[in-house]
$ cat model18.txt   # compact mmCIF, C-alpha atoms
# COMPACT_ATOMS: atom_id res chain seq x y z
CA MET A 1291 -27.86 -39.52 -166.55
CA THR A 1292 -26.23 -40.72 -169.75
CA GLN A 1293 -23.61 -39.26 -171.99
CA THR A 1294 -23.71 -38.59 -175.67
CA ASN A 1295 -20.88 -38.89 -178.10
CA PRO A 1296 -19.17 -35.54 -178.67
CA THR A 1297 -18.50 -36.24 -182.32
CA HIS A 1298 -22.20 -36.42 -183.06
CA SER A 1299 -23.09 -33.13 -181.51
CA SER A 1300 -24.85 -30.52 -183.56
CA THR A 1301 -24.01 -27.53 -181.45
CA GLY A 1302 -21.98 -25.70 -184.06
CA VAL A 1303 -18.57 -26.59 -182.67
CA ASP A 1304 -15.85 -25.56 -185.09
CA SER A 1305 -13.26 -27.88 -186.58
CA ARG A 1306 -10.84 -27.73 -183.66
CA GLN A 1307 -10.10 -31.12 -182.22
CA LEU A 1308 -12.35 -32.11 -179.36
CA PHE A 1309 -11.27 -33.97 -176.27
CA ARG A 1310 -13.35 -35.52 -173.55
CA PRO A 1311 -12.32 -34.17 -170.18
CA ASP A 1312 -12.06 -36.58 -167.27
CA VAL A 1313 -15.11 -36.19 -165.08
CA ASP A 1314 -16.48 -37.38 -161.79
CA LEU A 1315 -20.27 -37.66 -161.51
CA LEU A 1316 -21.74 -37.62 -158.05
CA ASP A 1317 -25.32 -38.30 -157.09
CA SER A 1318 -26.41 -36.99 -153.73
CA GLU A 1319 -29.67 -36.29 -152.02
CA HIS A 1320 -30.08 -32.73 -153.18
CA GLU A 1321 -28.04 -32.53 -156.37
CA VAL A 1322 -26.02 -34.19 -159.07
CA THR A 1323 -22.47 -32.85 -159.22
CA ILE A 1324 -20.26 -32.92 -162.31
CA ILE A 1325 -16.56 -32.30 -161.67
CA ALA A 1326 -14.50 -31.89 -164.84
CA ASP A 1327 -10.73 -31.52 -165.20
CA LEU A 1328 -10.12 -28.64 -167.60
CA PRO A 1329 -6.43 -27.78 -167.21
CA GLY A 1330 -5.14 -24.85 -169.21
CA VAL A 1331 -8.54 -23.32 -169.77
CA THR A 1332 -9.35 -19.70 -169.02
CA GLY A 1333 -12.46 -19.61 -166.82
CA GLU A 1334 -14.18 -16.99 -168.96
CA ASP A 1335 -13.91 -19.23 -172.03
CA ILE A 1336 -15.90 -22.10 -170.54
CA ARG A 1337 -19.34 -22.52 -172.09
CA VAL A 1338 -21.98 -24.53 -170.36
CA ASP A 1339 -25.25 -24.90 -172.25
CA TYR A 1340 -28.45 -26.63 -171.39
CA ARG A 1341 -31.03 -27.39 -174.03
CA ASP A 1342 -33.69 -30.04 -174.39
CA GLY A 1343 -32.40 -32.20 -171.60
CA ARG A 1344 -28.78 -32.00 -172.72
CA LEU A 1345 -26.06 -30.28 -170.83
CA SER A 1346 -22.93 -29.53 -172.84
CA LEU A 1347 -19.67 -28.08 -171.70
CA GLN A 1348 -17.08 -26.68 -174.05
CA ALA A 1349 -13.79 -25.07 -173.18
CA PRO A 1350 -10.93 -24.13 -175.50
CA VAL A 1351 -7.45 -24.87 -174.22
CA ALA A 1352 -5.66 -21.53 -174.21
CA GLU A 1353 -2.48 -21.40 -176.29
CA ARG A 1354 0.38 -20.74 -173.92
CA SER A 1355 3.37 -20.75 -176.22
CA THR A 1356 4.56 -17.49 -177.69
CA GLU A 1357 6.19 -16.81 -181.03
CA THR A 1358 9.65 -17.03 -179.55
CA ASP A 1359 8.98 -20.40 -177.94
CA GLN A 1360 10.36 -23.47 -179.60
CA LEU A 1361 8.50 -26.64 -178.81
CA ARG A 1362 10.81 -29.34 -177.48
CA HIS A 1363 8.27 -31.86 -176.22
CA ARG A 1364 4.49 -31.99 -176.17
CA GLU A 1365 2.04 -34.31 -174.51
CA SER A 1366 -0.77 -31.86 -173.85
CA LEU A 1367 -3.85 -31.64 -176.02
CA ARG A 1368 -4.45 -28.87 -178.50
CA GLY A 1369 -8.08 -28.13 -179.11
CA ASP A 1370 -11.23 -27.91 -177.09
CA PHE A 1371 -12.55 -29.90 -174.22
CA TYR A 1372 -16.07 -30.98 -175.03
CA ARG A 1373 -18.55 -33.25 -173.38
CA GLU A 1374 -22.30 -33.68 -173.32
CA PHE A 1375 -24.55 -35.11 -170.69
CA ARG A 1376 -28.17 -36.08 -170.96
CA ILE A 1377 -29.98 -34.72 -167.99
CA SER A 1378 -33.05 -36.44 -166.65
CA ASP A 1379 -36.02 -34.46 -165.40
CA VAL A 1380 -34.76 -34.92 -161.86
CA ILE A 1381 -32.73 -31.76 -162.36
CA GLU A 1382 -33.93 -28.17 -162.09
CA PRO A 1383 -32.31 -26.67 -165.20
CA GLY A 1384 -32.75 -23.09 -164.06
CA ALA A 1385 -30.80 -23.72 -160.87
CA ILE A 1386 -27.62 -25.18 -162.39
CA GLU A 1387 -24.52 -23.45 -161.05
CA ALA A 1388 -20.93 -23.63 -162.27
CA GLU A 1389 -17.62 -22.69 -160.69
CA TYR A 1390 -14.08 -22.97 -162.03
CA ARG A 1391 -11.00 -23.15 -159.87
CA ASP A 1392 -7.45 -24.52 -160.29
CA GLY A 1393 -8.31 -26.05 -163.65
CA VAL A 1394 -11.40 -27.85 -162.36
CA LEU A 1395 -14.99 -27.06 -163.31
CA THR A 1396 -17.66 -28.02 -160.81
CA LEU A 1397 -21.29 -28.04 -161.93
CA HIS A 1398 -24.02 -28.22 -159.33
CA LEU A 1399 -27.29 -29.57 -160.69
CA PRO A 1400 -29.91 -29.31 -157.96
CA LYS A 1401 -32.73 -31.79 -158.04
CA THR A 1402 -36.25 -30.54 -158.27
CA ALA A 1403 -37.84 -30.36 -154.84
CA SER A 1404 -40.51 -32.89 -155.72
CA ARG A 1405 -37.92 -35.51 -156.71
CA ARG A 1406 -35.77 -35.29 -153.64
CA PRO A 1407 -36.12 -38.16 -151.26
CA ARG A 1408 -37.95 -36.99 -148.21
CA GLN A 1409 -39.21 -38.38 -145.02
CA ILE A 1410 -42.91 -38.06 -144.54
CA GLU A 1411 -43.79 -37.02 -141.08
CA VAL A 1412 -46.19 -39.41 -139.43
CA GLN A 1413 -48.98 -37.75 -137.55
CA VAL A 1414 -49.79 -39.77 -134.52
CA SER A 1415 -53.31 -39.46 -133.23
CA SER A 1416 -53.47 -40.31 -129.60
CA ASN A 1417 -57.07 -40.88 -128.85
CA MET B 399 21.58 -30.55 -208.98
CA ILE B 400 19.01 -32.75 -207.39
CA PRO B 401 20.38 -34.98 -204.68
CA THR B 402 19.34 -38.58 -205.12
CA GLN B 403 19.46 -39.31 -201.41
CA ARG B 404 18.38 -36.99 -198.65
CA SER B 405 21.28 -38.00 -196.48
CA SER B 406 23.77 -37.07 -199.13
CA SER B 407 22.51 -33.53 -199.49
CA PRO B 408 25.06 -31.06 -198.18
CA VAL B 409 22.43 -29.32 -196.06
CA ASN B 410 21.38 -32.52 -194.35
CA ARG B 411 24.95 -33.53 -193.82
CA LEU B 412 25.69 -30.18 -192.24
CA ARG B 413 22.57 -30.44 -190.10
CA SER B 414 23.56 -33.84 -188.85
CA GLU B 415 27.01 -32.59 -188.05
CA MET B 416 25.48 -29.69 -186.14
CA ASP B 417 23.28 -32.06 -184.16
CA GLU B 418 26.29 -34.12 -183.25
CA LEU B 419 28.09 -31.02 -182.17
CA PHE B 420 25.21 -29.86 -179.98
CA ASN B 421 24.37 -33.19 -178.48
CA GLY B 422 27.86 -34.50 -178.11
CA VAL B 423 29.81 -31.48 -177.00
CA PHE B 424 27.30 -29.29 -175.26
CA GLY B 425 24.53 -31.70 -174.31
CA ASN B 426 22.18 -28.78 -174.25
CA PHE B 427 18.95 -30.39 -175.35
CA PHE B 428 16.35 -31.99 -173.17
CA GLN B 429 16.08 -35.71 -173.44
CA GLN B 430 12.53 -36.65 -174.25
CA PRO B 431 10.83 -37.44 -170.96
CA THR B 432 8.90 -40.67 -170.83
CA ARG B 433 5.28 -40.89 -169.80
CA THR B 434 5.21 -44.26 -168.11
CA ARG B 435 1.56 -44.32 -167.14
CA SER B 436 -1.35 -42.98 -169.14
CA SER B 437 -2.62 -41.40 -165.94
CA ASP B 438 0.58 -39.36 -165.68
CA PRO B 439 -0.14 -35.68 -166.20
CA ALA B 440 0.72 -34.27 -169.62
CA LEU B 441 4.06 -32.48 -169.78
CA ASP B 442 5.27 -29.97 -172.36
CA ILE B 443 8.71 -28.41 -172.80
CA PHE B 444 9.35 -25.13 -174.57
CA GLU B 445 12.64 -23.39 -175.18
CA ASN B 446 13.16 -19.67 -175.53
CA ALA B 447 15.98 -17.16 -175.17
CA ASP B 448 15.71 -17.13 -171.37
CA GLY B 449 15.85 -20.88 -171.01
CA TYR B 450 13.27 -23.62 -170.81
CA ARG B 451 9.69 -23.77 -169.67
CA VAL B 452 8.16 -27.03 -168.48
CA GLU B 453 4.38 -27.15 -168.17
CA VAL B 454 2.50 -29.90 -166.38
CA ALA B 455 -1.29 -30.28 -166.26
CA VAL B 456 -2.23 -30.65 -162.59
CA PRO B 457 -5.94 -29.81 -162.34
CA GLY B 458 -7.26 -29.56 -158.81
CA LEU B 459 -3.89 -29.43 -157.09
CA SER B 460 -2.65 -26.42 -155.15
CA LEU B 461 0.96 -25.27 -154.91
CA ASP B 462 1.19 -26.87 -151.44
CA GLU B 463 0.41 -30.22 -153.00
CA LEU B 464 3.14 -29.94 -155.62
CA ASP B 465 6.86 -30.39 -155.25
CA VAL B 466 9.63 -29.61 -157.70
CA SER B 467 13.13 -30.74 -156.82
CA VAL B 468 16.45 -31.10 -158.61
CA ALA B 469 19.04 -33.73 -157.83
CA GLU B 470 22.08 -34.23 -160.01
CA ASN B 471 20.74 -33.32 -163.44
CA THR B 472 17.23 -34.63 -162.95
CA MET B 473 14.26 -32.46 -162.10
CA THR B 474 11.46 -34.34 -160.36
CA ILE B 475 7.89 -33.05 -160.21
CA ARG B 476 5.60 -34.64 -157.67
CA GLY B 477 1.96 -34.09 -156.86
CA GLU B 478 -0.16 -35.56 -154.12
CA ARG B 479 -3.62 -34.52 -153.02
CA GLN B 480 -3.58 -33.60 -149.34
CA GLY B 481 -6.59 -35.30 -147.87
CA GLU B 482 -9.23 -36.94 -149.97
CA GLU B 483 -11.93 -34.73 -151.43
CA THR B 484 -14.90 -35.43 -149.26
CA ARG B 485 -18.17 -35.21 -151.06
CA GLY B 486 -21.41 -36.74 -150.03
CA GLY B 487 -23.21 -39.00 -152.42
CA THR B 488 -22.59 -41.89 -154.74
CA TYR B 489 -20.09 -41.77 -157.58
CA LEU B 490 -21.86 -42.55 -160.84
CA ARG B 491 -18.58 -42.10 -162.68
CA ARG B 492 -15.05 -41.52 -161.46
CA GLU B 493 -12.43 -40.73 -164.08
CA ARG B 494 -10.34 -37.98 -162.50
CA ARG B 495 -6.94 -38.96 -161.17
CA ARG B 496 -6.96 -39.68 -157.46
CA THR B 497 -3.44 -40.97 -156.96
CA GLY B 498 -0.28 -38.98 -156.71
CA PHE B 499 2.08 -38.67 -159.62
CA GLN B 500 5.75 -38.23 -160.32
CA ARG B 501 7.43 -37.03 -163.49
CA ALA B 502 11.14 -36.72 -164.10
CA VAL B 503 12.89 -34.49 -166.60
CA MET B 504 16.58 -34.68 -167.43
CA LEU B 505 17.99 -31.17 -167.41
CA PRO B 506 20.51 -30.09 -169.99
CA LYS B 507 23.90 -28.99 -168.72
CA THR B 508 23.31 -25.47 -169.90
CA VAL B 509 20.77 -24.45 -167.26
CA ASN B 510 21.03 -22.88 -163.85
CA PRO B 511 19.11 -25.16 -161.46
CA ASP B 512 19.26 -22.57 -158.67
CA GLY B 513 17.18 -20.18 -160.72
CA ILE B 514 14.22 -22.51 -161.24
CA GLU B 515 10.85 -20.92 -160.49
CA ALA B 516 7.41 -22.51 -160.46
CA SER B 517 3.95 -21.00 -160.70
CA LEU B 518 0.44 -22.37 -160.96
CA GLU B 519 -2.47 -21.06 -163.00
CA ASN B 520 -5.67 -22.72 -164.18
CA GLY B 521 -4.36 -26.15 -163.29
CA ILE B 522 -1.10 -25.76 -165.21
CA LEU B 523 2.15 -25.90 -163.27
CA THR B 524 4.72 -23.79 -165.07
CA ILE B 525 8.39 -24.30 -164.24
CA CYS B 526 10.84 -21.80 -165.67
CA ILE B 527 14.41 -23.03 -165.91
CA PRO B 528 16.85 -20.24 -166.74
CA ARG B 529 19.79 -20.79 -168.96
CA ALA B 530 23.16 -20.66 -167.25
CA GLU B 531 24.72 -17.26 -167.83
CA ALA B 532 27.52 -18.76 -169.90
CA ALA B 533 25.02 -20.59 -172.12
CA LYS B 534 22.79 -17.62 -172.94
CA PRO B 535 22.55 -16.95 -176.63
CA ARG B 536 24.49 -13.88 -177.55
CA GLN B 537 25.51 -12.19 -180.67
CA ILE B 538 29.20 -12.36 -181.24
CA GLU B 539 30.43 -9.01 -182.34
CA VAL B 540 32.41 -9.16 -185.52
CA ARG B 541 34.86 -6.35 -185.89
CA VAL B 542 35.76 -5.38 -189.37
CA THR B 543 39.00 -3.53 -189.62
CA GLN B 544 39.09 -0.99 -192.36
CA ALA B 545 41.70 1.53 -193.33
CA VAL B 546 39.54 4.51 -192.34
CA GLU B 547 37.37 3.31 -189.47
CA SER B 548 36.27 0.19 -187.66
CA ALA B 549 32.72 -0.49 -186.66
CA PRO B 550 30.86 -3.51 -185.34
CA VAL B 551 28.79 -4.97 -188.13
CA SER B 552 26.36 -6.50 -185.73
CA GLU B 553 24.65 -3.16 -185.27
CA THR B 554 21.67 -2.28 -187.38
CA PRO B 555 22.66 0.31 -189.95
CA THR B 556 21.01 3.65 -189.37
CA ASP B 557 20.21 6.46 -191.73
CA GLU B 558 22.62 8.74 -189.97
CA SER B 559 25.57 7.55 -192.01
$ encode --input "model18.txt" --output "structure tokens"
Amino acid sequence: MTQTNPTHSSTGVDSRQLFRPDVDLLDSEHEVTIIADLPGVTGEDIRVDYRDGRLSLQAPVAERSTETDQLRHRESLRGDFYREFRISDVIEPGAIEAEYRDGVLTLHLPKTASRRPRQIEVQVSSN
Amino acid sequence: MIPTQRSSSPVNRLRSEMDELFNGVFGNFFQQPTRTRSSDPALDIFENADGYRVEVAVPGLSLDELDVSVAENTMTIRGERQGEETRGGTYLRRERRRTGFQRAVMLPKTVNPDGIEASLENGILTICIPRAEAAKPRQIEVRVTQAVESAPVSETPTDES
């Protein structure tokens, strides 16, 4: 699995600034797991798209300040989280699942059954 | 008249005098907190009529794993993951913060530390720091004494007059 540069995406992202979220990528027997930190995002706003072997995730950071708020100090990012991943054919695209909790998006990318490592049972003939 | 130097403009001079007044006499502004490590979670501070709101990005942490405390005039925010996330498999990439963190914010004198409340939503820890009662913004009523009647001018004029 490789990553592509967000700035060269052609997915119709608007001019808001894009930021790469921190991710963990885990490879296990049955799936590849992508865990992305998306603090300040509303779950319903997260977009995960798969097309032509590319998985993209986009999530706008919700504006939390109101009109009466005066900004005194800011370190947080203003814009959208965006990141793309190139998915190899190990993954079953139709079975990708996503969950968002406590500012963390977890994507489960199950491997196709034929690509999972498996132990072949040895038939022992005893005659 | 066009001022030749910004600093000499009456408005700027007044502004700088006001800043001195606020900072020197009341000390009611937050000092800019310092982010010592790039892995420190991002921290924002907003001010509104009720007081201040400090927001810290703490994705993946629950309220149990966060601690907000005040000692003297410093508010300390700590976070520590309770027990390592156990996931089977090999990490192909590992960018998310695994260590604990600590951020400190100097509180202005005009807040009520006993009224601090914290909440957590979508990985953002929000800490509301109320203004001390004496420091709340209020409109000072100006009484105008007239021969016939006196009325507070701070009220919005109505059509009833």
$ atom_distance --input "model18.txt" --atom1 "atom CA of Asp1342 of chain A" --atom2 "atom CA of Thr1323 of chain A"
19.1 Å
$ atom_distance --input "model18.txt" --atom1 "atom CA of Arg1337 of chain A" --atom2 "atom CA of Pro457 of chain B"
18.1 Å
$ residues_around --input "model18.txt" --residues "segment 1396-1400 of chain A" --least-positions-apart "3" --cutoff "8 Å" --atoms "all atoms listed in the file" --output "compact mmCIF listing (two decimals) with C-alpha atoms, in the coordinates of the input"
# COMPACT_ATOMS: atom_id res chain seq x y z
CA HIS A 1320 -30.08 -32.73 -153.18
CA GLU A 1321 -28.04 -32.53 -156.37
CA VAL A 1322 -26.02 -34.19 -159.07
CA THR A 1323 -22.47 -32.85 -159.22
CA ILE A 1324 -20.26 -32.92 -162.31
CA ILE A 1325 -16.56 -32.30 -161.67
CA ALA A 1326 -14.50 -31.89 -164.84
CA ILE A 1381 -32.73 -31.76 -162.36
CA GLU A 1382 -33.93 -28.17 -162.09
CA PRO A 1383 -32.31 -26.67 -165.20
CA ALA A 1385 -30.80 -23.72 -160.87
CA ILE A 1386 -27.62 -25.18 -162.39
CA GLU A 1387 -24.52 -23.45 -161.05
CA ALA A 1388 -20.93 -23.63 -162.27
CA GLU A 1389 -17.62 -22.69 -160.69
CA TYR A 1390 -14.08 -22.97 -162.03
$ closest_residue --input "model18.txt" --among "A:Thr1402, A:Ser1346, A:Ser1416, A:Thr1356" --to "Asp1379 of chain A" --atoms "only C-alpha atoms"
A:Thr1402
$ closest_atom_pairs --input "model18.txt" --of "chain A" --to "chain B" --cutoff "8 Å" --atoms "only C-alpha atoms" --output "Markdown table"
| residue | atom | partner | partner_atom | distance |
| --- | --- | --- | --- | --- |
| A:Asp1312 | CA | B:Glu493 | CA | 5.2 |
| A:Val1313 | CA | B:Glu493 | CA | 5.4 |
| A:Asp1314 | CA | B:Arg492 | CA | 4.4 |
| A:Leu1315 | CA | B:Arg491 | CA | 4.9 |
| A:Leu1316 | CA | B:Tyr489 | CA | 4.5 |
| A:Asp1317 | CA | B:Thr488 | CA | 5.1 |
| A:Ser1318 | CA | B:Gly487 | CA | 4.0 |
| A:Glu1319 | CA | B:Gly487 | CA | 7.0 |
| A:Ala1326 | CA | B:Arg494 | CA | 7.7 |
| A:Asp1327 | CA | B:Pro457 | CA | 5.8 |
| A:Leu1328 | CA | B:Pro457 | CA | 6.8 |
| A:Pro1329 | CA | B:Gly521 | CA | 4.7 |
| A:Gly1330 | CA | B:Asn520 | CA | 5.5 |
| A:Val1331 | CA | B:Asn520 | CA | 6.3 |
| A:Thr1332 | CA | B:Asn520 | CA | 6.8 |
| A:Gly1333 | CA | B:Asn520 | CA | 7.9 |
| A:Ser1355 | CA | B:Phe444 | CA | 7.6 |
| A:Thr1358 | CA | B:Asn446 | CA | 6.0 |
| A:Asp1359 | CA | B:Asn446 | CA | 4.9 |
| A:Gln1360 | CA | B:Glu445 | CA | 5.0 |
| A:Leu1361 | CA | B:Phe444 | CA | 4.6 |
| A:Arg1362 | CA | B:Ile443 | CA | 5.2 |
| A:His1363 | CA | B:Ile443 | CA | 4.9 |
| A:Arg1364 | CA | B:Asp442 | CA | 4.4 |
| A:Glu1365 | CA | B:Ala440 | CA | 5.1 |
| A:Ser1366 | CA | B:Ala440 | CA | 5.1 |
| A:Arg1391 | CA | B:Asn520 | CA | 6.9 |
| A:Asp1392 | CA | B:Gly521 | CA | 4.6 |
| A:Gly1393 | CA | B:Gly521 | CA | 4.0 |
| A:Val1394 | CA | B:Gly458 | CA | 5.7 |
$ closest_residue --input "model18.txt" --among "A:Val1351, A:Leu1395, A:Val1338, A:Leu1345" --to "Arg1376 of chain A" --atoms "only C-alpha atoms"
A:Leu1345
$ atom_distance --input "model18.txt" --atom1 "atom CA of Gly498 of chain B" --atom2 "atom CA of Pro1350 of chain A"
26.2 Å
$ residues_near_point --input "model18.txt" --point "(22.2, -30.2, -167.2)" --cutoff "8 Å" --atoms "all atoms listed in the file" --output "PyMOL selection string"
chain B and resi 425-426+471-472+504-509
$ closest_residue --input "model18.txt" --among "B:Ala516, B:Ala502, B:Cys526, B:Val542" --to "Asp462 of chain B" --atoms "only C-alpha atoms"
B:Ala516
$ decode --input "model18.txt" --residues "segment 1330-1355 of chain A" --atoms "N, CA and C atoms" --output "short mmCIF file (atom, residue, chain, number, x, y, z; two decimals), in the first residue's frame"
data_model
loop_
_atom_site.label_atom_id
_atom_site.label_comp_id
_atom_site.auth_asym_id
_atom_site.auth_seq_id
_atom_site.Cartn_x
_atom_site.Cartn_y
_atom_site.Cartn_z
N GLY A 1330 -11.96 17.13 15.88
CA GLY A 1330 -12.77 18.30 15.51
C GLY A 1330 -13.62 18.11 14.29
N VAL A 1331 -13.73 16.86 13.85
CA VAL A 1331 -14.53 16.56 12.67
C VAL A 1331 -15.87 15.99 13.13
N THR A 1332 -16.94 16.36 12.43
CA THR A 1332 -18.23 15.75 12.69
C THR A 1332 -18.30 14.47 11.87
N GLY A 1333 -18.65 13.37 12.54
CA GLY A 1333 -18.64 12.06 11.88
C GLY A 1333 -19.36 12.03 10.55
N GLU A 1334 -20.49 12.71 10.48
CA GLU A 1334 -21.31 12.69 9.25
C GLU A 1334 -20.60 13.37 8.08
N ASP A 1335 -19.63 14.21 8.37
CA ASP A 1335 -18.94 14.97 7.32
C ASP A 1335 -17.77 14.21 6.69
N ILE A 1336 -17.45 13.05 7.27
CA ILE A 1336 -16.29 12.31 6.75
C ILE A 1336 -16.68 11.62 5.45
N ARG A 1337 -15.83 11.78 4.44
CA ARG A 1337 -16.08 11.13 3.15
C ARG A 1337 -14.96 10.17 2.86
N VAL A 1338 -15.32 8.93 2.67
CA VAL A 1338 -14.34 7.92 2.29
C VAL A 1338 -14.74 7.41 0.92
N ASP A 1339 -13.86 7.54 -0.05
CA ASP A 1339 -14.16 7.11 -1.41
C ASP A 1339 -13.14 6.09 -1.89
N TYR A 1340 -13.63 5.15 -2.63
CA TYR A 1340 -12.72 4.20 -3.26
C TYR A 1340 -12.97 4.21 -4.76
N ARG A 1341 -11.91 4.40 -5.51
CA ARG A 1341 -12.06 4.37 -6.96
C ARG A 1341 -10.72 3.98 -7.59
N ASP A 1342 -10.78 3.06 -8.49
CA ASP A 1342 -9.61 2.65 -9.27
C ASP A 1342 -8.39 2.38 -8.39
N GLY A 1343 -8.59 1.66 -7.33
CA GLY A 1343 -7.46 1.28 -6.50
C GLY A 1343 -6.97 2.36 -5.57
N ARG A 1344 -7.73 3.46 -5.49
CA ARG A 1344 -7.34 4.54 -4.57
C ARG A 1344 -8.42 4.76 -3.54
N LEU A 1345 -7.99 4.80 -2.32
CA LEU A 1345 -8.91 5.10 -1.23
C LEU A 1345 -8.59 6.51 -0.75
N SER A 1346 -9.59 7.38 -0.74
CA SER A 1346 -9.35 8.74 -0.25
C SER A 1346 -10.24 9.00 0.95
N LEU A 1347 -9.73 9.74 1.88
CA LEU A 1347 -10.58 10.18 2.98
C LEU A 1347 -10.46 11.69 3.10
N GLN A 1348 -11.62 12.31 3.26
CA GLN A 1348 -11.69 13.76 3.37
C GLN A 1348 -12.64 14.11 4.49
N ALA A 1349 -12.24 15.06 5.31
CA ALA A 1349 -13.07 15.44 6.44
C ALA A 1349 -12.84 16.91 6.78
N PRO A 1350 -13.88 17.73 6.66
CA PRO A 1350 -13.71 19.14 7.02
C PRO A 1350 -13.68 19.31 8.54
N VAL A 1351 -12.78 20.15 9.01
CA VAL A 1351 -12.75 20.46 10.44
C VAL A 1351 -13.89 21.44 10.71
N ALA A 1352 -14.78 21.06 11.59
CA ALA A 1352 -15.93 21.91 11.88
C ALA A 1352 -15.49 23.18 12.59
N GLU A 1353 -16.07 24.31 12.19
CA GLU A 1353 -15.74 25.59 12.85
C GLU A 1353 -16.45 25.62 14.20
N ARG A 1354 -15.68 25.84 15.23
CA ARG A 1354 -16.27 25.79 16.57
C ARG A 1354 -16.46 27.16 17.19
N SER A 1355 -15.79 28.17 16.64
CA SER A 1355 -15.94 29.49 17.24
C SER A 1355 -17.23 30.14 16.75
#
